[in-house]
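K.L.:
Just passing along the structure, written as structure tokens.
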Amino acid sequence: MDALSFAMGERAAFLRVKHLRDLIHGAHIGQPVSKSGSVAMRYRDDEDKETVFCRRISGDSSEYSINGVHVTLAKYTEVLEKIGIVIKARNCLVFQGAVESIALKDPKERTKMFELISQSKEYAAEYEKKKEALHKAKEDTQFQYNKKKSAVAERKQVSQEKIEAQQYQTLVDSLHQNRLQLSLAELYHNEKGISVLSNTLSEKQQVAAAQNNKLVNLEQTVKTYKKEHGRLSREQQRIEKEIRAQEHVLSQSRSQYIKAKVNTSHHYKKAEQVRDALKKSKKLMALKKQQLVEGRQEITELERTWRSYEKQVQKQAVSQGRDIELNEDQLERYKELKELARKQGAVLSQQADKLRWEVSADFEKMAFDQRRKKEVEVGIRNNQTQLEDLTRRAEKLEEYTKTCNSSLEEYRQQEESLSAELQRGRQRSVEVNQELGQVLEELRNARLDSQESKFRMQRKELLEKLQRLHPESVYGRLFDLCSPIHKKYQLAVTKVFGRYMNAIVVTTEKVARDCIYFIKEERAAPETFLPIDYLDVSPLNERLREIPGVKMVVDVVQVNAATGVPQLRKVVQFVCGNALVCETIKEARSVAFDKKERSKTVSLDGTMFTKSGVISGGSYDLRTKARCWDEKVMTRLKERKEQLTAELRDLMRLKRKESDLKQIIAQAHGAQTRLKYSKTELDNLRKKNILKCQAEISCMESEIANLDSQIQMQQQSVETKNEEMKKIRDQIDRMEDLVFHDFCAEIGVSSIREYEQEHLKHQEELDKKRLEFESHCARLNAQVEYEQEQLEQLRANLHKMVETIDKEERTMAERRKEEETLLTAVEDVQNKLLELKNQLLSMKTQVAAAKSELDQKTQSFQEINKELVKSQRQVMSAETALEQKRLVRHNLLLACKIQSLPITLLSGSLNEISETQLDTESESTSATMHIYDREAELVIDYSGLRAELRNVQSEQELEACMETLKESVSSIEGVLHRTTAPNLKAMEKMREVKDKLQGVKEAFDASTRSARKCSLEFEQVKAQRCHLFSRCFEHVAVVIDQIYKRICRNSSAQAILSAENPDEPYLGGINYNCVAPGKRFMTMDNLSGGEKAIAALALVFAIHSFRPAPFFILDEVDAALDNSNIGKVTRFIREESRENMQIIVISLKEEFFSKSDALLGVYSDVTNF
């Protein structure tokens, strides 16, 4: 397909390569097999004449030849078209994948394809060119026709204007004459009024000058009194400063005195505590001494009792008789036997004695241990009592320590809060003094010490009443609610605000009406109100902000109110509008008048230029109005001064808390000292006394445990020894029984022990009593020794306490001396402070007297100042009236100049009159005064003024005459206003209109002829193009339905071609729709892939039937077809190839290429078919 396309002259872009040389084999890998290549296509006609079409690649270009002869591409294409091959239409090639795209072409693309096939495309450019020429010719004809029509109407109008101009000129002449008389009369009587006002003004100025001189002298006197008052005030301040310094010294001395007093009190309390302890110790010592004496007396009494007991026992032994009496022989024998028994049982007796002595020693040891146990138990009880006392003391000290800590924390917090408060107060005092100094300096510079006028006070009170009646609805006066962002804009903003300067801003119209009703009831001066909801605010022109060097007045005004800012911005926008503020008059004039669109501007000196051309300058009254901004600032400064003064007084009262701070510091120091001593004593108790006492109790308890174990061991030892003694005694008894057997029988006793027991019984009782006595006596001696030791310890403690008391008394004496010294210093400072206060009281009296005299002089100064202000107001009113007269004269002269009235001047010229338009709100500046002075030199000739107007005397007559002239002028002006101004140059214009009409007629005829010619040429081209396109379209539209039915093998199948523009189908689209057999109508997009392919093939075959090519090549058109549709297509192709066309098909499906007449290329085995 690429080779055929190349041979038929297709461009490289349609051959899928960038350059033609890339078509050579191997070029895409940089190894072409040759530098050149060619493709030849041979065509043989019905007469067997062969034509060879060849195209060769030579570098990046190609060469064309027919039968070996080099030809151009145009010639090459022309010869191919003669044999039926249209390269642009591709009527003999259907590429791979192009079938479906042919079916889905949009109507416009389908129209282009038909134009290429029908060759009507060749006339498209000429068609458009002729159509454009025809359109232009028609427009030119219509334009010339309109000009002709306008020229005819203009000729008719000019003839009518000629008649009206004559009538209009008569009225204008009459109007000029009446205006001249009116202007002369007004100027004449204006000059008379100016003369009278000038004389009155000079007289009032002289009176004001005299009052001003008097005021200056009195002002010097007031300044002298102010200096004296200032000197006395400074002296008073110096004394107050000294008083504050003495108060500071007094507070320090008091704190030192309090600290010394606290220390003395602490030592006194400590001495008292030691004295109390000394008294208790003395009482305890006396008690111990008494107990010691009683113990010694008890020992003495016990010894005496023992001696009496022994004597009594001896007496009883003598007085008692014996049952058994031995004679001397028996007694001698008893002794011998006893000696014998003793000898025989000497060993046992020794053992028994030894055991008895051991038992006796054990008993004594056990008794001693028991006594020691009782003494230790007493010591434990005493130590436990002492430990409890020490513990209670430690708890009390701990509680006191906590109390001291809490007191210290409280003192510390109070000290920190007071210190911080005093520090803030000192810092704030410095800041307030600095700010107050700045405020006073600004107030002195402004010299606004004069009182407000009565009228202003009344207006202020009225506003306050209105705000009380409507607190949420009445905002205040406009100049109070906003201010210029810089002082230099004050005059400009004041000028723009104008009569709204003192207007009261309210929320609604109803509130404004209620306020007006209230003002009428109060019989107050009239006020202007600005109800926010009633204002019609025009939007700002944002483009004005882009003008360089210019600001909008709205942008230089800031709203000062804290609430309702958006509503107040609306009020400011209403008052200012789109006014602009400029630096100089020249800039303001240029911005106002030199632009395409005029703007309202104002310069910084108050000169305003309006859109209408009116120019108003500044004046003295404008500066007076502008002072309200400064007065507002000064009012705020005065309010700030009062606030700062009140705050300074509060800070001075706060300074008095320094003495409280020092007292708190002293109390905290005393508490800290007490806390220190308490902690020391508590540490001693915890670390020494309590531990020592606990250690003693622990030792005594361990000693008791040891004593208990020893006593138990001794009891066990005594019991063991008693048993041994009993055994030994039994042996001795048996031995004695053997020795004394005969003797006992002789004396009549069963055993010798009966006799001995009777004799020894009394002896044992006596031994027992003696043992008890000795143990009791030992216990009393031990107790007396312990009491003696305790008494010695008490004496040592008493000695220490006495020494401590002496030391504390010496310390107290030193502290009392120091306290007396500090008290003397405090009294001295108090006396000095009292003396300074007396001086301050005297100085205050002098200051008050100076203040009184100053107030008297100031009052006199204010009264004279009021008289001067009154005179100045009279002068100002006279100046204002004179300026109004001059303003009226200026405007009259300017009107005469603008209206070109023929006023005769004896001196000067109307050209000297400034063209600046001034109004009643204009302010006086040097420029306006220069205008007035220059115009005063003009002398007008009033000889043309009628006598009745010149000789008018009273104001009523003058007003009546003026009213008559004005009515006459107004009536003529009314007629002129009602009458449309005619064209006074109608005669001259009449000739111009005739010439113009003749030229327009000639141009109209020429354009008409040109339009007819263009229309004829366009119709010829249109007919040729339409013929070619319609012939092709009608043929294809008829044939396509037949071809579609043949392919589908069904007569119900339909293929329809319709043109969107039936008159000129090549200008619109061509719609193509098919109805498949057995289906309803659907758009081409909704058909299946096979149906689209069959529809596209039907269109291709139909187009080929109109302009048949020598061959027809189809590349894989069966890609979307199923077997059934393939069979239909192959049958149609076979039928057509036999009669009408030579078809070559490229296919990969056996169902398709198996039905071909011949196969070329790679294919399946033929024998299988």
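Following the order of the structure tokens, first chain is A, next is B, and so on, with residues numbered from 1 inside each chain and ligands from 1 in the order they appear.
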Which residues are near stretch 1058-1070 of chain A? Cut-off 9 Å, only C-alpha atoms, ignore same chain within fewer than 3 positions. Put them as a ChimeraX atom specification.

P.N.:
/A:106-112,114-115,120,1022,1025-1026,1029-1030,1033,1037,1073

K.L.:
Create the file for the chosen residues now, containing N, CA and C atoms and written as a compact mmCIF listing (two decimals), in the first residue's frame.

P.N.:
```txt
# COMPACT_ATOMS: atom_id res chain seq x y z
N ASP A 106 -17.85 12.75 10.26
CA ASP A 106 -18.93 13.68 10.54
C ASP A 106 -19.43 14.28 9.23
N PRO A 107 -20.59 14.89 9.22
CA PRO A 107 -21.18 15.40 7.96
C PRO A 107 -20.25 16.34 7.19
N LYS A 108 -19.52 17.21 7.90
CA LYS A 108 -18.63 18.15 7.22
C LYS A 108 -17.51 17.42 6.50
N GLU A 109 -16.90 16.43 7.16
CA GLU A 109 -15.83 15.66 6.52
C GLU A 109 -16.35 14.89 5.30
N ARG A 110 -17.58 14.37 5.44
CA ARG A 110 -18.17 13.65 4.31
C ARG A 110 -18.40 14.59 3.14
N THR A 111 -18.76 15.86 3.44
CA THR A 111 -18.95 16.86 2.37
C THR A 111 -17.63 17.14 1.67
N LYS A 112 -16.55 17.27 2.44
CA LYS A 112 -15.24 17.50 1.84
C LYS A 112 -14.85 16.34 0.92
N PHE A 114 -16.87 14.35 -0.75
CA PHE A 114 -17.66 14.45 -1.97
C PHE A 114 -17.14 15.57 -2.88
N GLU A 115 -16.67 16.70 -2.26
CA GLU A 115 -16.13 17.79 -3.08
C GLU A 115 -14.87 17.33 -3.81
N SER A 120 -15.62 19.65 -7.33
CA SER A 120 -16.19 20.98 -7.09
C SER A 120 -15.32 21.80 -6.15
N LYS A 1022 -21.21 29.83 -8.71
CA LYS A 1022 -22.09 29.04 -7.85
C LYS A 1022 -22.76 27.93 -8.65
N ARG A 1025 -20.15 25.13 -9.49
CA ARG A 1025 -19.82 24.33 -8.29
C ARG A 1025 -21.00 23.46 -7.89
N CYS A 1026 -22.17 24.04 -7.93
CA CYS A 1026 -23.36 23.30 -7.51
C CYS A 1026 -23.64 22.16 -8.49
N PHE A 1029 -21.07 19.24 -7.81
CA PHE A 1029 -21.32 18.58 -6.52
C PHE A 1029 -22.64 17.81 -6.57
N SER A 1030 -23.66 18.44 -7.11
CA SER A 1030 -24.98 17.79 -7.13
C SER A 1030 -24.96 16.55 -7.99
N PHE A 1033 -23.30 13.90 -5.89
CA PHE A 1033 -24.11 13.56 -4.72
C PHE A 1033 -25.36 12.78 -5.13
N ALA A 1037 -26.17 9.08 -4.00
CA ALA A 1037 -27.37 8.91 -3.18
C ALA A 1037 -28.30 7.86 -3.76
N ASN A 1073 -26.95 7.41 6.85
CA ASN A 1073 -27.58 6.51 7.79
C ASN A 1073 -27.96 5.23 7.08
```

K.L.:
Could you list, as JSON, numbers by chain, every residue within 10 Å of A:Val572, counting only C-alpha atoms and ignoring same-chain residues fewer than 6 positions away?

P.N.:
{"A": [478, 481, 482, 497, 537, 553, 554, 555, 557, 558, 559, 566]}

K.L.:
Take the residues that were just selected and, keeping all heavy atoms, output them as a CSV table (one decimal), in the first residue's frame.

P.N.:
```
chain,number,residue,atom,x,y,z
A,478,LEU,N,-20.3,64.8,63.4
A,478,LEU,CA,-19.5,64.2,62.4
A,478,LEU,C,-18.0,64.5,62.6
A,478,LEU,O,-17.2,63.6,62.5
A,478,LEU,CB,-19.9,64.7,61.0
A,478,LEU,CG,-19.1,64.1,59.8
A,478,LEU,CD1,-19.2,62.6,59.8
A,478,LEU,CD2,-19.5,64.7,58.5
A,481,LEU,N,-16.7,62.2,65.3
A,481,LEU,CA,-16.6,60.8,65.0
A,481,LEU,C,-15.5,60.4,64.0
A,481,LEU,O,-15.2,59.3,63.9
A,481,LEU,CB,-18.0,60.3,64.4
A,481,LEU,CG,-19.2,60.5,65.3
A,481,LEU,CD1,-20.4,60.2,64.5
A,481,LEU,CD2,-19.1,59.7,66.5
A,482,CYS,N,-14.9,61.4,63.3
A,482,CYS,CA,-13.9,61.1,62.4
A,482,CYS,C,-12.9,62.3,62.4
A,482,CYS,O,-13.2,63.4,63.0
A,482,CYS,CB,-14.4,60.9,61.0
A,482,CYS,SG,-15.3,62.3,60.3
A,497,PHE,N,-16.4,68.7,53.7
A,497,PHE,CA,-17.5,68.4,54.6
A,497,PHE,C,-18.5,69.6,54.5
A,497,PHE,O,-19.7,69.3,54.6
A,497,PHE,CB,-16.9,68.3,56.1
A,497,PHE,CG,-16.4,66.9,56.4
A,497,PHE,CD1,-16.2,66.0,55.4
A,497,PHE,CD2,-16.2,66.5,57.7
A,497,PHE,CE1,-15.7,64.8,55.6
A,497,PHE,CE2,-15.7,65.3,58.0
A,497,PHE,CZ,-15.5,64.4,56.9
A,537,VAL,N,-26.0,56.6,49.1
A,537,VAL,CA,-24.6,56.7,48.9
A,537,VAL,C,-24.2,56.1,47.6
A,537,VAL,O,-24.6,55.0,47.2
A,537,VAL,CB,-23.8,55.9,50.0
A,537,VAL,CG1,-22.4,56.0,49.9
A,537,VAL,CG2,-24.3,56.4,51.4
A,553,VAL,N,-10.6,61.8,49.2
A,553,VAL,CA,-10.9,62.4,50.5
A,553,VAL,C,-11.3,61.3,51.5
A,553,VAL,O,-11.0,61.3,52.7
A,553,VAL,CB,-11.9,63.5,50.4
A,553,VAL,CG1,-12.2,64.1,51.7
A,553,VAL,CG2,-11.4,64.6,49.4
A,554,VAL,N,-12.1,60.3,50.9
A,554,VAL,CA,-12.5,59.2,51.8
A,554,VAL,C,-11.4,58.5,52.4
A,554,VAL,O,-11.4,58.0,53.6
A,554,VAL,CB,-13.4,58.2,51.0
A,554,VAL,CG1,-13.8,57.0,51.8
A,554,VAL,CG2,-14.6,58.9,50.5
A,555,ASP,N,-10.2,58.4,51.7
A,555,ASP,CA,-9.1,57.7,52.2
A,555,ASP,C,-8.3,58.4,53.2
A,555,ASP,O,-7.5,57.8,53.9
A,555,ASP,CB,-8.2,57.3,51.0
A,555,ASP,CG,-8.9,56.3,50.1
A,555,ASP,OD1,-9.8,55.6,50.5
A,555,ASP,OD2,-8.5,56.3,48.9
A,557,VAL,N,-9.6,60.3,55.6
A,557,VAL,CA,-10.5,60.5,56.8
A,557,VAL,C,-10.6,59.2,57.5
A,557,VAL,O,-10.9,58.1,56.9
A,557,VAL,CB,-11.9,61.0,56.4
A,557,VAL,CG1,-12.8,61.1,57.6
A,557,VAL,CG2,-11.8,62.3,55.7
A,558,GLN,N,-10.3,59.2,58.8
A,558,GLN,CA,-10.3,58.0,59.6
A,558,GLN,C,-11.5,58.1,60.6
A,558,GLN,O,-11.7,59.2,61.1
A,558,GLN,CB,-9.0,57.7,60.3
A,558,GLN,CG,-8.6,58.8,61.3
A,558,GLN,CD,-7.2,58.5,61.9
A,558,GLN,OE1,-6.6,57.5,61.6
A,558,GLN,NE2,-6.8,59.5,62.8
A,559,VAL,N,-12.1,57.0,60.9
A,559,VAL,CA,-13.2,56.9,61.8
A,559,VAL,C,-12.7,56.7,63.2
A,559,VAL,O,-11.9,55.7,63.4
A,559,VAL,CB,-14.3,55.8,61.4
A,559,VAL,CG1,-15.4,55.8,62.5
A,559,VAL,CG2,-14.8,56.1,60.1
A,566,PRO,N,-18.6,50.4,60.2
A,566,PRO,CA,-19.1,50.4,58.8
A,566,PRO,C,-20.2,51.4,58.5
A,566,PRO,O,-20.2,52.0,57.4
A,566,PRO,CB,-19.7,48.9,58.8
A,566,PRO,CG,-18.9,48.2,59.8
A,566,PRO,CD,-18.7,49.2,60.9
```

K.L.:
Show which residues sit within 7 Å of stretch 1008-1016 of chain A, as a PDB file with C-alpha atoms, in the first residue's frame. Count only C-alpha atoms, and ignore same-chain residues fewer than 4 positions away.

P.N.:
```pdb
ATOM      1  CA  LYS A 130     -16.862  36.147  -5.576  1.00  0.00           C
ATOM      2  CA  ALA A 133     -16.895  40.729  -3.457  1.00  0.00           C
ATOM      3  CA  LEU A 134     -20.689  40.558  -3.793  1.00  0.00           C
ATOM      4  CA  ALA A 137     -20.645  45.562  -3.186  1.00  0.00           C
ATOM      5  CA  LYS A 138     -24.030  45.214  -1.449  1.00  0.00           C
ATOM      6  CA  THR A 141     -24.608  50.175  -2.213  1.00  0.00           C
ATOM      7  CA  PHE A1004     -24.917  55.494  -5.397  1.00  0.00           C
ATOM      8  CA  GLN A1020     -21.908  31.706 -12.586  1.00  0.00           C
TER       9      GLN A1020
END
```

K.L.:
So which residues touch A:Arg889 within 9 Å, counting only C-alpha atoms, skipping near sequence neighbours fewer than 2 positions away, as a ChimeraX atom specification?

P.N.:
/A:186-187,190-191,884-887,891-894,932,935

K.L.:
How about saving the chosen residues, C-alpha atoms kept, as a CSV table (one decimal), in the first residue's frame?

P.N.:
```csv
chain,number,residue,atom,x,y,z
A,186,GLU,CA,-26.8,95.1,40.4
A,187,LEU,CA,-23.2,96.4,40.0
A,190,ASN,CA,-23.4,96.6,45.0
A,191,GLU,CA,-20.7,99.3,44.9
A,884,GLN,CA,-20.0,88.6,50.2
A,885,LYS,CA,-20.5,91.9,48.5
A,886,ARG,CA,-17.2,91.6,46.8
A,887,LEU,CA,-18.0,88.0,45.9
A,891,ASN,CA,-19.5,86.9,40.1
A,892,LEU,CA,-21.5,89.7,38.4
A,893,LEU,CA,-18.4,90.9,36.5
A,894,LEU,CA,-17.5,87.3,35.7
A,932,TYR,CA,-11.0,91.4,44.8
A,935,GLU,CA,-11.4,94.2,40.4
```

K.L.:
As a list in words, please: all residues of stretch 1046-1087 of chain A that backbone DSSP puts in strand (DSSP E or B).

P.N.:
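Everything in stretch 1046-1087 of chain A that counts as strand (DSSP E or B) is Gln1054, Ala1055, Ile1056, Leu1057, Ser1058, Ala1059, Ile1070, Asn1071, Tyr1072, Asn1073, Cys1074 and Val1075 of chain A.
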
K.L.:
My list of candidates is A:Leu491, A:Val222, A:Leu976, A:Leu215. Which is closest to A:Gln167 when distances are computed with only C-alpha atoms?

P.N.:
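Looking only at the distances to A:Gln167, the closest residue turns out to be A:Leu976.
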
K.L.:
So which one's closest to A:Tyr1072, A:Lys1092, A:Lys817, A:His25, A:Lys129? Using only C-alpha atoms, please.

P.N.:
A:Lys1092

K.L.:
Any idea what's packed within 6 Å of stretch 519-529 of chain A, counting only C-alpha atoms, ignoring anything in its chain fewer than 6 positions away? Could you give it as a list in words?

P.N.:
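So, after excluding close chain neighbours, the residues are Ala503, Ile504 and Val505 of chain A.
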
K.L.:
Could those residues be written to a file, using all heavy atoms, as an mmCIF file, in the first residue's frame?

P.N.:
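Result file follows (out-v7.cif):
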```
data_model
loop_
_atom_site.group_PDB
_atom_site.id
_atom_site.type_symbol
_atom_site.label_atom_id
_atom_site.label_comp_id
_atom_site.auth_asym_id
_atom_site.auth_seq_id
_atom_site.Cartn_x
_atom_site.Cartn_y
_atom_site.Cartn_z
ATOM 1 N N ALA A 503 -22.879 68.300 61.540
ATOM 2 C CA ALA A 503 -24.075 67.474 61.474
ATOM 3 C C ALA A 503 -24.013 66.350 62.503
ATOM 4 O O ALA A 503 -22.945 65.841 62.831
ATOM 5 C CB ALA A 503 -24.238 66.901 60.068
ATOM 6 N N ILE A 504 -25.198 65.978 63.007
ATOM 7 C CA ILE A 504 -25.306 64.908 64.010
ATOM 8 C C ILE A 504 -25.661 63.620 63.280
ATOM 9 O O ILE A 504 -26.628 63.563 62.519
ATOM 10 C CB ILE A 504 -26.367 65.251 65.067
ATOM 11 C CG1 ILE A 504 -25.985 66.550 65.799
ATOM 12 C CG2 ILE A 504 -26.523 64.107 66.064
ATOM 13 C CD1 ILE A 504 -27.043 67.045 66.754
ATOM 14 N N VAL A 505 -24.884 62.558 63.520
ATOM 15 C CA VAL A 505 -25.080 61.273 62.858
ATOM 16 C C VAL A 505 -25.985 60.404 63.732
ATOM 17 O O VAL A 505 -25.708 60.205 64.924
ATOM 18 C CB VAL A 505 -23.731 60.564 62.619
ATOM 19 C CG1 VAL A 505 -23.952 59.233 61.926
ATOM 20 C CG2 VAL A 505 -22.813 61.443 61.798
#
```
